[in-house]
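This report refers to the structure that appears directly beneath it.
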Amino acid sequence: MAKSLVIVESPAKAKTIKKFLGKNYVIKASVGHVIDLPKSKLGIDIENNFQPKYITIRGKGPILKEIRDEAKKADKIYLATDPDREGEAISWHLSNALKIKEDTPCRIEFNEITKTAVKNAIKNPRPIDKNLVDAQQARRVLDRLVGYKISPLLWRKIRKGLSAGRVQSVATKMIKDREMEIRNFVPKEYWELTLDVENSAKEKFQVKFHSDDSGKKEILSEEEVNIIIEKIKDKDLIVTDIKKGKRKRNPSPSFTTSSLQQEASNRLGFSTKKTMSIAQQLYEGIELKTEGIAGLITYIRTDSTRISDESKKSVQDYIINNLGEKYTTTSKSKVKKKNNTQDAHEAIRPTDVLRKPELIKDSLTRDQYKLYKLIWERFVASQMSPAIYDTLAVELTVNGIVFKINGSRLNFDGFLRVYSFASMSEEVNIPQLELGEKINIKDIIPSQHFTQPPARYTEASLVKAMEELGIGRPSTYSPTISTILSRGYVERDGRNLKPTELGEMVTEILEEYFTDIIDVNFTADFEKRLDNVEEGVENWQEIIKKFYDIFEEMLKKAEEDIEEIDMVEESDVLCEKCNVNMLIKYGRYGKFLACANYPECTVTKPIVNKIGVKCPQCEKGDIIERKSKRGRIFYGCSEFPKCKFASWSKPINERCPECNSLLTHKINKKSEKLQCINKDCKYTKDITKKE
């Protein structure tokens with residue numbers, strides 16, 4: 001029989017597909033792009049209507065030769081790259097390299113790597129979609145123009161190694177703008193008023209202030225809270241309203257790329273890069289002990305929450321057979337489609353709902369299991385009935401001043417039966433109360449608060465904001481965040497992202513001279529125009545020309561007006577070899593000290609941030625702030641590697657009252673406490689921010 005050649009992108013994907021197609025198919029992997037724009041130069045003929053100058057990527061010659069040799073022997077060639085714009089562009093480059101005619105049905109797509117999906121795709125090949133290719137070319141050319149024209153300017157004016165990009169610069173600006181909001185934030189005082197109360201049956205509970213006798217719902221000063229206290233002191237509350245009801249909590253839809261990255265960050269602590277890397281492994285195929293290689297989830301780059309009818313039926317059958325009829329949803333869930341949603345693929349889901357996480361756990365790594373479990377549970381939960389809560393709202397009044405308490409109790413768990421990652425609502429039990437009943441006030445608890453600035457972005461919240469603003473696409477969120485971190489424009493502070501001095505400086509220059517490039521609306525509008533190119537409504541080269549005419553003027557003005565910035569500062573640290581003041585310089589990983597006599601003297605030192613505490617282990621070195629490879633701050637001894645003391649929590653100059661060891665200051669989302677550094681000592685002390 002004649003042989004058919006199937007070309008995919010990754011060796012793992014090739015291995016999985018080979019299992020389904022048998023001996024009459026040869027499967028080859030291109031290992032990503034084989035043809036692309038050159039790295040060493042712009043690679044775009046601006047004078048010739050922005051024609052890209054593609055070359056074979058260095059090191060990919062042998063792979064391309066091997067594919068060509070197999071193509072000569074093959075009766076049919078199928079291009080099975082990923083089902084998105086970039087995958088279409090890779091197939092187009094391969095079709096040109098293999099001299100496949102434009103109208104030849106050689107392109108196959110599948111949303112999941114299963115036997116049924118792959119075989120159906122083989123039966124339904126189509127020609128390369130040139131509109132999809134052009135949309136990808138437009139993105140590639142614009143990004144190349146922005147990056148390769150602005151970056152050299154930054155090199156000349158500030159320092160080597162800097163870069164700018166259409167999406168990365170907008171993301172950096174968002175983080176920088178948030179930091180400015182935090183710095184400029186002026187806190188406002190407000191007060192809360194809580195009452196410890198007791199009913200006639202001696203049952204105790206708490207109620208909170210809702211509104212005063214004029215209907216005002218805010219208490220803005222100590223004077224205002226004292227006026228209210230005077231009005232309620234030595235009086236009883238009267239129950240004036242009781243409302244009983246039910247509340248539905250609906251499940252979230254199956255994952256998009258964005259929501260998967262957010263949930264994996266919030267629930268599992270994964271970075272976007274880690275999430276996408278593990279998801280790619282699950283998509284391409286895992287060797288299972290019971291059935292061999294299998295693709296476990298559907299395609300991972302999608303902005304759609306749509307689920308196929310076939311997969312809906314299979315999950316509903318699973319729910320009925322394993323949980324019961326009452327756990328299936330009877331209503332058709334309607335998810336509002338966002339304006340910038342392409343909806344080209346299904347949501348991310350398991351390829352087989354019967355492949356429960358527990359059944360394949362011993363074939364997965366720990367992180368693969370965690371992510372697969374998250375995806376499987378979210379998919380099953382999305383097709384389940386809502387959780388039902390019994391609610392109770394009680395209003396109590398004294399002298400026209402209203403206090404309230406709201407309670408809820410889970411009546412039916414619904415989708416919560418399956419989705420173990422859901423944040424659970426805290427149940428509040430309220431005693432049986434009657435209208436007109438008198439409630440005794442046992443204690444009045446006023447508390448002062450101040451409004452807080454907006455939180456810094458985390459990877460999860462940045463992805464969410466980028467998606468809402470229409471910046472980038474599912475495939476770009478993770479590489480964008482990786483780029484701005486690796487360039488030193490942004491750094492991690494725990495899980496938060498904050499701009500570096502360098503990031504702020506570069507962003508301010510771009511804001512002044514390239515306003516449109518890093519404007520959120522420009523970036524979002526360009527994504528819409530790419531969709532128009534994909535649909536054949538707009539010509540990609542005309543879009544680029546309109547942009548470049550304006551961009552060229554910006555470049556000229558920036559070249560003339562931007563003065564060179566000296567990034568070097570003198571420090572008070574003396575070089576141990578030359579005895580001259582060392583200079584503070586910027587490198588790829590941030591600031592460092594270098595001898596002023598470079599290149600004659602090559603002495604360099606890291607900039608040490610001492611915290612004013614001596615090392616408890618060697619008692620010679622100072623405790624300094626350091627960063628792990630992943631950017632997480634920890635505390636270690638300055639005598640490392642002689643002394644290997646390290647702590648995630650910050651040591652302080654206070655001693656444990658029980659064992660006299662150093663105490664550390666430990667902060668998490670819900671609490672702040674002092675904790676003994678001695679692992680054998682269990683001493684801890686909860687502290688407030690004020691303390």
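By order of appearance in the structure tokens: chains A, B, ..., then residues from 1 within every chain, and ligands from 1 in the order shown.
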Q | For range 430-438 of chain A: contacts at 9 Å, only C-alpha atoms, fewer than 2 positions along chain excluded, given as a PyMOL selection string | A | chain A and resi 199-200+203-205+236-242+392+394+405-408+428+440
With all heavy atoms retained, could you export that selection as a compact mmCIF listing (two decimals), in the first residue's frame?
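As a result, result_1.txt now contains:
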```txt
# COMPACT_ATOMS: atom_id res chain seq x y z
N ASN A 199 -30.36 36.83 72.42
CA ASN A 199 -31.83 36.80 72.42
C ASN A 199 -32.34 36.28 73.78
O ASN A 199 -31.55 35.98 74.69
CB ASN A 199 -32.37 35.97 71.25
CG ASN A 199 -32.00 34.49 71.36
OD1 ASN A 199 -31.37 34.06 72.33
ND2 ASN A 199 -32.39 33.72 70.36
N SER A 200 -33.65 36.16 73.89
CA SER A 200 -34.25 35.76 75.17
C SER A 200 -33.88 34.34 75.58
O SER A 200 -33.93 33.98 76.75
CB SER A 200 -35.78 35.90 75.09
OG SER A 200 -36.27 35.15 73.99
N GLU A 203 -29.11 32.86 73.39
CA GLU A 203 -28.28 32.48 72.25
C GLU A 203 -27.54 33.73 71.76
O GLU A 203 -28.15 34.77 71.51
CB GLU A 203 -29.14 31.91 71.12
CG GLU A 203 -29.79 30.58 71.49
CD GLU A 203 -30.80 30.14 70.44
OE1 GLU A 203 -31.73 30.90 70.16
OE2 GLU A 203 -30.65 29.02 69.91
N LYS A 204 -26.21 33.61 71.61
CA LYS A 204 -25.39 34.76 71.26
C LYS A 204 -25.06 34.77 69.77
O LYS A 204 -24.83 33.73 69.17
CB LYS A 204 -24.11 34.76 72.08
CG LYS A 204 -24.35 34.95 73.58
CD LYS A 204 -23.06 34.86 74.37
CE LYS A 204 -23.35 35.06 75.87
NZ LYS A 204 -22.14 34.93 76.69
N PHE A 205 -25.02 35.97 69.20
CA PHE A 205 -24.62 36.14 67.80
C PHE A 205 -24.18 37.59 67.61
O PHE A 205 -24.23 38.40 68.55
CB PHE A 205 -25.74 35.74 66.83
CG PHE A 205 -27.05 36.46 67.02
CD1 PHE A 205 -27.42 37.51 66.19
CD2 PHE A 205 -27.94 36.06 68.03
CE1 PHE A 205 -28.64 38.15 66.36
CE2 PHE A 205 -29.17 36.70 68.20
CZ PHE A 205 -29.52 37.75 67.36
N ASP A 236 -32.44 48.12 73.71
CA ASP A 236 -32.56 46.82 73.06
C ASP A 236 -32.80 47.00 71.57
O ASP A 236 -33.41 47.98 71.13
CB ASP A 236 -33.74 46.03 73.65
CG ASP A 236 -33.46 45.56 75.06
OD1 ASP A 236 -32.27 45.31 75.37
OD2 ASP A 236 -34.41 45.46 75.86
N LEU A 237 -32.35 46.02 70.79
CA LEU A 237 -32.70 45.96 69.36
C LEU A 237 -34.06 45.29 69.22
O LEU A 237 -34.42 44.42 70.02
CB LEU A 237 -31.66 45.15 68.60
CG LEU A 237 -30.24 45.73 68.46
CD1 LEU A 237 -29.28 44.65 68.02
CD2 LEU A 237 -30.23 46.87 67.45
N ILE A 238 -34.79 45.69 68.19
CA ILE A 238 -36.06 45.04 67.87
C ILE A 238 -35.94 44.40 66.49
O ILE A 238 -35.48 45.04 65.54
CB ILE A 238 -37.23 46.07 67.85
CG1 ILE A 238 -37.32 46.81 69.19
CG2 ILE A 238 -38.55 45.36 67.53
CD1 ILE A 238 -37.65 45.94 70.38
N VAL A 239 -36.34 43.14 66.38
CA VAL A 239 -36.33 42.46 65.07
C VAL A 239 -37.46 43.05 64.22
O VAL A 239 -38.64 42.91 64.55
CB VAL A 239 -36.51 40.94 65.23
CG1 VAL A 239 -36.56 40.26 63.86
CG2 VAL A 239 -35.39 40.35 66.08
N THR A 240 -37.08 43.74 63.13
CA THR A 240 -38.08 44.44 62.31
C THR A 240 -38.33 43.76 60.96
O THR A 240 -39.29 44.09 60.27
CB THR A 240 -37.65 45.90 62.07
OG1 THR A 240 -36.29 45.92 61.59
CG2 THR A 240 -37.75 46.71 63.34
N ASP A 241 -37.47 42.84 60.56
CA ASP A 241 -37.69 42.18 59.26
C ASP A 241 -36.92 40.86 59.22
O ASP A 241 -35.78 40.78 59.68
CB ASP A 241 -37.24 43.09 58.10
CG ASP A 241 -37.68 42.55 56.75
OD1 ASP A 241 -38.75 41.93 56.68
OD2 ASP A 241 -36.95 42.75 55.76
N ILE A 242 -37.59 39.83 58.70
CA ILE A 242 -36.95 38.52 58.51
C ILE A 242 -37.27 38.04 57.10
O ILE A 242 -38.44 37.95 56.72
CB ILE A 242 -37.45 37.48 59.54
CG1 ILE A 242 -37.13 37.92 60.97
CG2 ILE A 242 -36.83 36.11 59.26
CD1 ILE A 242 -37.72 37.03 62.04
N LEU A 392 -30.98 33.48 55.02
CA LEU A 392 -31.80 34.17 56.02
C LEU A 392 -31.18 35.55 56.24
O LEU A 392 -29.99 35.66 56.52
CB LEU A 392 -31.81 33.38 57.34
CG LEU A 392 -32.63 33.97 58.49
CD1 LEU A 392 -34.11 34.02 58.13
CD2 LEU A 392 -32.41 33.15 59.76
N VAL A 394 -31.82 39.04 58.45
CA VAL A 394 -32.57 39.61 59.57
C VAL A 394 -32.17 41.08 59.75
O VAL A 394 -30.98 41.41 59.76
CB VAL A 394 -32.31 38.84 60.87
CG1 VAL A 394 -33.10 39.45 62.03
CG2 VAL A 394 -32.67 37.37 60.69
N ILE A 405 -27.92 41.05 59.89
CA ILE A 405 -27.14 39.81 59.86
C ILE A 405 -27.68 38.94 58.74
O ILE A 405 -28.89 38.80 58.56
CB ILE A 405 -27.19 39.07 61.22
CG1 ILE A 405 -26.35 37.78 61.13
CG2 ILE A 405 -28.60 38.77 61.67
CD1 ILE A 405 -26.16 37.07 62.45
N ASN A 406 -26.76 38.39 57.95
CA ASN A 406 -27.14 37.50 56.85
C ASN A 406 -26.53 36.13 57.10
O ASN A 406 -25.34 36.02 57.43
CB ASN A 406 -26.65 38.04 55.51
CG ASN A 406 -27.33 39.34 55.14
OD1 ASN A 406 -28.55 39.44 55.13
ND2 ASN A 406 -26.54 40.37 54.87
N GLY A 407 -27.33 35.12 56.95
CA GLY A 407 -26.83 33.76 57.15
C GLY A 407 -27.18 32.87 55.98
O GLY A 407 -28.11 33.15 55.21
N SER A 408 -26.40 31.81 55.80
CA SER A 408 -26.71 30.86 54.73
C SER A 408 -26.26 29.46 55.16
O SER A 408 -25.32 29.32 55.95
CB SER A 408 -26.00 31.26 53.43
OG SER A 408 -24.61 31.19 53.59
N VAL A 428 -23.08 30.90 58.08
CA VAL A 428 -23.36 31.71 59.27
C VAL A 428 -24.69 31.24 59.85
O VAL A 428 -25.74 31.34 59.20
CB VAL A 428 -23.43 33.21 58.92
CG1 VAL A 428 -23.76 34.03 60.16
CG2 VAL A 428 -22.12 33.68 58.30
N ASN A 440 -31.03 41.75 73.24
CA ASN A 440 -30.21 42.50 74.19
C ASN A 440 -28.81 42.75 73.64
O ASN A 440 -28.16 41.84 73.13
CB ASN A 440 -30.12 41.70 75.50
CG ASN A 440 -29.32 42.44 76.56
OD1 ASN A 440 -28.36 41.94 77.08
ND2 ASN A 440 -29.73 43.66 76.88
```
Using only C-alpha atoms, I'd like a table of the residues in range 114-174 of chain A that come within 10 Å of range 28-42 of chain A; for each, show the closest atom pair and its distance in Å rounded to one decimal, ordered by chain and ascending number, as JSON lines.
```
{"residue": "A:Arg140", "atom": "CA", "partner": "A:Leu37", "partner_atom": "CA", "distance": 8.8}
{"residue": "A:Val141", "atom": "CA", "partner": "A:Leu37", "partner_atom": "CA", "distance": 9.1}
{"residue": "A:Arg144", "atom": "CA", "partner": "A:Leu42", "partner_atom": "CA", "distance": 7.0}
{"residue": "A:Leu145", "atom": "CA", "partner": "A:Leu42", "partner_atom": "CA", "distance": 7.4}
{"residue": "A:Gly147", "atom": "CA", "partner": "A:Leu42", "partner_atom": "CA", "distance": 9.2}
{"residue": "A:Tyr148", "atom": "CA", "partner": "A:Leu42", "partner_atom": "CA", "distance": 6.2}
{"residue": "A:Lys149", "atom": "CA", "partner": "A:Leu42", "partner_atom": "CA", "distance": 8.3}
```
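Using only C-alpha atoms, the shortest contact distance between Leu153 in chain A and any of A:Ile633, A:Val573, A:Leu555, A:Ile667 is found at A:Leu555.
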Q: Please identify all polymer residues within 8 Å of Val506 in chain A, counting only C-alpha atoms, omitting same-chain residues fewer than 4 positions from it, and present them as a PyMOL selection string.
A: chain A and resi 154+502+510
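When CA of Cys618 in chain A is paired with CA of Gln675 in chain A, their separation reads 20.3 Å.
Excluding Pro251 in chain A and any residue on its chain fewer than 6 positions from it, the residues at most 10 Å away by only C-alpha atoms are A:Ser333, A:Arg378, A:Phe379, A:Val380, A:Ala381, A:Ser382, A:Gln383, A:Met384, A:Ser385, A:Pro386, A:Ala387, A:Gly414, A:Phe415, A:Leu416, A:Tyr419, A:Ala422.
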Those residues with all heavy atoms, as a compact mmCIF listing (two decimals), in the first residue's frame please?
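Once everything was written out, this is selection-v9.txt:
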```txt
# COMPACT_ATOMS: atom_id res chain seq x y z
N SER A 333 -26.99 25.91 29.76
CA SER A 333 -26.24 27.07 30.27
C SER A 333 -25.80 27.95 29.12
O SER A 333 -25.26 27.49 28.14
CB SER A 333 -25.01 26.59 31.04
OG SER A 333 -24.23 25.75 30.23
N ARG A 378 -13.36 20.62 36.69
CA ARG A 378 -14.04 21.83 36.18
C ARG A 378 -15.00 21.46 35.04
O ARG A 378 -16.11 21.98 34.96
CB ARG A 378 -12.99 22.83 35.70
CG ARG A 378 -13.53 24.08 35.04
CD ARG A 378 -14.04 25.11 36.03
NE ARG A 378 -14.18 26.40 35.37
CZ ARG A 378 -13.63 27.53 35.81
NH1 ARG A 378 -12.96 27.56 36.94
NH2 ARG A 378 -13.77 28.65 35.13
N PHE A 379 -14.56 20.55 34.16
CA PHE A 379 -15.40 20.13 33.04
C PHE A 379 -16.65 19.42 33.53
O PHE A 379 -17.77 19.74 33.12
CB PHE A 379 -14.59 19.21 32.11
CG PHE A 379 -15.42 18.51 31.08
CD1 PHE A 379 -16.14 19.23 30.13
CD2 PHE A 379 -15.50 17.13 31.05
CE1 PHE A 379 -16.92 18.58 29.17
CE2 PHE A 379 -16.27 16.47 30.10
CZ PHE A 379 -16.98 17.21 29.16
N VAL A 380 -16.49 18.44 34.42
CA VAL A 380 -17.64 17.70 34.93
C VAL A 380 -18.58 18.64 35.69
O VAL A 380 -19.80 18.62 35.49
CB VAL A 380 -17.19 16.53 35.83
CG1 VAL A 380 -18.39 15.82 36.45
CG2 VAL A 380 -16.36 15.52 35.03
N ALA A 381 -18.00 19.49 36.54
CA ALA A 381 -18.81 20.44 37.33
C ALA A 381 -19.60 21.39 36.44
O ALA A 381 -20.73 21.76 36.76
CB ALA A 381 -17.91 21.22 38.28
N SER A 382 -19.01 21.77 35.30
CA SER A 382 -19.68 22.74 34.41
C SER A 382 -21.00 22.21 33.87
O SER A 382 -21.87 22.99 33.46
CB SER A 382 -18.75 23.12 33.24
OG SER A 382 -18.66 22.06 32.30
N GLN A 383 -21.17 20.89 33.86
CA GLN A 383 -22.39 20.28 33.33
C GLN A 383 -23.29 19.75 34.45
O GLN A 383 -24.20 18.96 34.21
CB GLN A 383 -22.02 19.14 32.38
CG GLN A 383 -21.15 19.56 31.20
CD GLN A 383 -21.79 20.66 30.37
OE1 GLN A 383 -22.94 20.54 29.96
NE2 GLN A 383 -21.06 21.74 30.12
N MET A 384 -23.03 20.20 35.68
CA MET A 384 -23.82 19.75 36.83
C MET A 384 -24.80 20.81 37.30
O MET A 384 -24.73 21.98 36.88
CB MET A 384 -22.88 19.34 37.98
CG MET A 384 -22.10 18.06 37.68
SD MET A 384 -20.93 17.63 38.99
CE MET A 384 -22.05 17.19 40.32
N SER A 385 -25.69 20.41 38.17
CA SER A 385 -26.71 21.32 38.70
C SER A 385 -26.08 22.30 39.68
O SER A 385 -25.02 22.05 40.25
CB SER A 385 -27.82 20.53 39.38
OG SER A 385 -27.25 19.62 40.31
N PRO A 386 -26.74 23.46 39.89
CA PRO A 386 -26.20 24.46 40.81
C PRO A 386 -26.24 23.96 42.26
O PRO A 386 -27.01 23.06 42.60
CB PRO A 386 -27.15 25.66 40.64
CG PRO A 386 -27.96 25.38 39.42
CD PRO A 386 -27.99 23.90 39.25
N ALA A 387 -25.40 24.56 43.10
CA ALA A 387 -25.50 24.35 44.54
C ALA A 387 -26.61 25.26 45.06
O ALA A 387 -26.80 26.37 44.55
CB ALA A 387 -24.18 24.70 45.21
N GLY A 414 -24.87 20.09 44.77
CA GLY A 414 -24.78 20.27 43.32
C GLY A 414 -23.37 20.05 42.80
O GLY A 414 -22.71 19.06 43.15
N PHE A 415 -22.87 20.99 41.98
CA PHE A 415 -21.55 20.83 41.36
C PHE A 415 -20.41 20.80 42.38
O PHE A 415 -19.31 20.31 42.08
CB PHE A 415 -21.30 21.95 40.34
CG PHE A 415 -20.95 23.28 40.94
CD1 PHE A 415 -19.63 23.66 41.12
CD2 PHE A 415 -21.95 24.17 41.35
CE1 PHE A 415 -19.31 24.88 41.69
CE2 PHE A 415 -21.64 25.38 41.90
CZ PHE A 415 -20.30 25.74 42.08
N LEU A 416 -20.66 21.32 43.60
CA LEU A 416 -19.62 21.32 44.64
C LEU A 416 -19.26 19.89 45.05
O LEU A 416 -18.21 19.66 45.64
CB LEU A 416 -20.09 22.11 45.86
CG LEU A 416 -20.32 23.62 45.65
CD1 LEU A 416 -20.90 24.24 46.90
CD2 LEU A 416 -19.02 24.32 45.26
N TYR A 419 -16.38 19.55 42.28
CA TYR A 419 -15.32 20.56 42.11
C TYR A 419 -14.69 20.91 43.45
O TYR A 419 -15.11 21.83 44.15
CB TYR A 419 -15.88 21.81 41.42
CG TYR A 419 -14.78 22.68 40.83
CD1 TYR A 419 -13.81 22.14 40.00
CD2 TYR A 419 -14.71 24.04 41.12
CE1 TYR A 419 -12.80 22.91 39.46
CE2 TYR A 419 -13.69 24.83 40.58
CZ TYR A 419 -12.75 24.26 39.76
OH TYR A 419 -11.74 25.03 39.23
N ALA A 422 -13.34 24.64 44.41
CA ALA A 422 -14.21 25.80 44.60
C ALA A 422 -13.98 26.42 45.97
O ALA A 422 -13.78 25.73 46.96
CB ALA A 422 -15.68 25.40 44.45
```
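Comparing A:Ile584, A:Ile77, A:Leu21, A:Pro474 by their smallest distance to Asn120 in chain A, the closest is A:Leu21 (using only C-alpha atoms).
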(Q) I need the helix (DSSP H, G or I) residues of range 495-527 of chain A per DSSP on the backbone, written as a list in words. (A) Glu501, Leu502, Gly503, Glu504, Met505, Val506, Thr507, Glu508, Ile509, Leu510, Glu511, Glu512, Tyr513, Val520, Asn521, Phe522, Thr523, Ala524, Asp525, Phe526 and Glu527 of chain A
Q | Spatial neighbours of Thr458 in chain A, max dist 9 Å, only C-alpha atoms, sep filter under 5 positions, as a PyMOL selection string | A | chain A and resi 265+463+492+495-498
Write the selection just made, keeping C-alpha atoms, as a tab-separated table (two decimals), in the first residue's frame?
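Full text of result.tsv as output:
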```
chain	number	residue	atom	x	y	z
A	265	SER	CA	-2.25	30.19	39.65
A	463	VAL	CA	-3.92	37.56	32.46
A	492	ARG	CA	8.16	39.22	41.50
A	495	ARG	CA	3.17	36.29	44.01
A	496	ASN	CA	2.82	39.94	43.00
A	497	LEU	CA	4.36	41.65	39.98
A	498	LYS	CA	5.94	45.08	40.32
```
Which residues are close to Glu284 in chain A, i.e. within 7 Å by only C-alpha atoms, leaving aside same-chain residues fewer than 5 positions away? Reply as a PDB file with N, CA and C atoms, in the first residue's frame.
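So the final result, stored in around34.pdb, reads:
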```pdb
ATOM      1  N   ALA A  12       6.471  14.407  20.736  1.00  0.00           N
ATOM      2  CA  ALA A  12       5.500  13.754  21.635  1.00  0.00           C
ATOM      3  C   ALA A  12       4.164  13.556  20.931  1.00  0.00           C
ATOM      4  N   LYS A  13       3.732  14.579  20.192  1.00  0.00           N
ATOM      5  CA  LYS A  13       2.485  14.503  19.429  1.00  0.00           C
ATOM      6  C   LYS A  13       2.607  13.418  18.345  1.00  0.00           C
ATOM      7  N   THR A  16       2.172   9.956  19.811  1.00  0.00           N
ATOM      8  CA  THR A  16       0.775   9.634  20.145  1.00  0.00           C
ATOM      9  C   THR A  16      -0.016   9.300  18.885  1.00  0.00           C
ATOM     10  N   ILE A 113      -6.220  14.843  20.612  1.00  0.00           N
ATOM     11  CA  ILE A 113      -5.425  13.776  20.006  1.00  0.00           C
ATOM     12  C   ILE A 113      -5.976  12.440  20.486  1.00  0.00           C
ATOM     13  N   GLY A 295      -3.643  11.157  24.465  1.00  0.00           N
ATOM     14  CA  GLY A 295      -3.820  12.589  24.679  1.00  0.00           C
ATOM     15  C   GLY A 295      -4.937  12.781  25.699  1.00  0.00           C
TER      16      GLY A 295
END
```
Q: Pick out the closest residue to Asp303 in chain A from this set: A:Arg249, A:Arg456, A:His345, A:Lys545. Count only C-alpha atoms.
A: A:His345
Extract, using only C-alpha atoms, all DNA, RNA and protein residues at most 10 Å from Pro616 in chain A, discarding same-chain residues fewer than 4 positions from it, and format them as a tab-separated table (two decimals) with N, CA and C atoms, in the first residue's frame.
```tsv
chain	number	residue	atom	x	y	z
A	620	LYS	N	28.44	34.99	62.51
A	620	LYS	CA	29.46	35.88	61.91
A	620	LYS	C	28.85	36.73	60.80
A	621	GLY	N	28.11	36.09	59.93
A	621	GLY	CA	27.56	36.79	58.78
A	621	GLY	C	26.32	37.58	59.12
A	622	ASP	N	25.92	38.43	58.16
A	622	ASP	CA	24.67	39.18	58.27
A	622	ASP	C	23.60	38.46	57.47
A	623	ILE	N	22.36	38.57	57.95
A	623	ILE	CA	21.23	38.04	57.16
A	623	ILE	C	20.95	39.03	56.04
A	637	CYS	N	22.43	33.77	54.78
A	637	CYS	CA	23.62	34.32	55.42
A	637	CYS	C	24.57	34.89	54.37
A	645	PHE	N	22.65	28.89	56.12
A	645	PHE	CA	21.38	29.27	56.75
A	645	PHE	C	20.45	29.91	55.71
A	651	PRO	N	13.73	36.98	59.37
A	651	PRO	CA	14.17	37.02	60.77
A	651	PRO	C	14.14	38.45	61.32
A	661	SER	N	15.67	31.46	70.79
A	661	SER	CA	16.09	31.52	69.38
A	661	SER	C	15.52	32.78	68.74
A	662	LEU	N	16.01	33.08	67.52
A	662	LEU	CA	15.46	34.24	66.80
A	662	LEU	C	14.01	34.01	66.41
A	677	ILE	N	12.22	30.51	64.97
A	677	ILE	CA	12.98	29.91	63.86
A	677	ILE	C	13.40	28.48	64.16
```
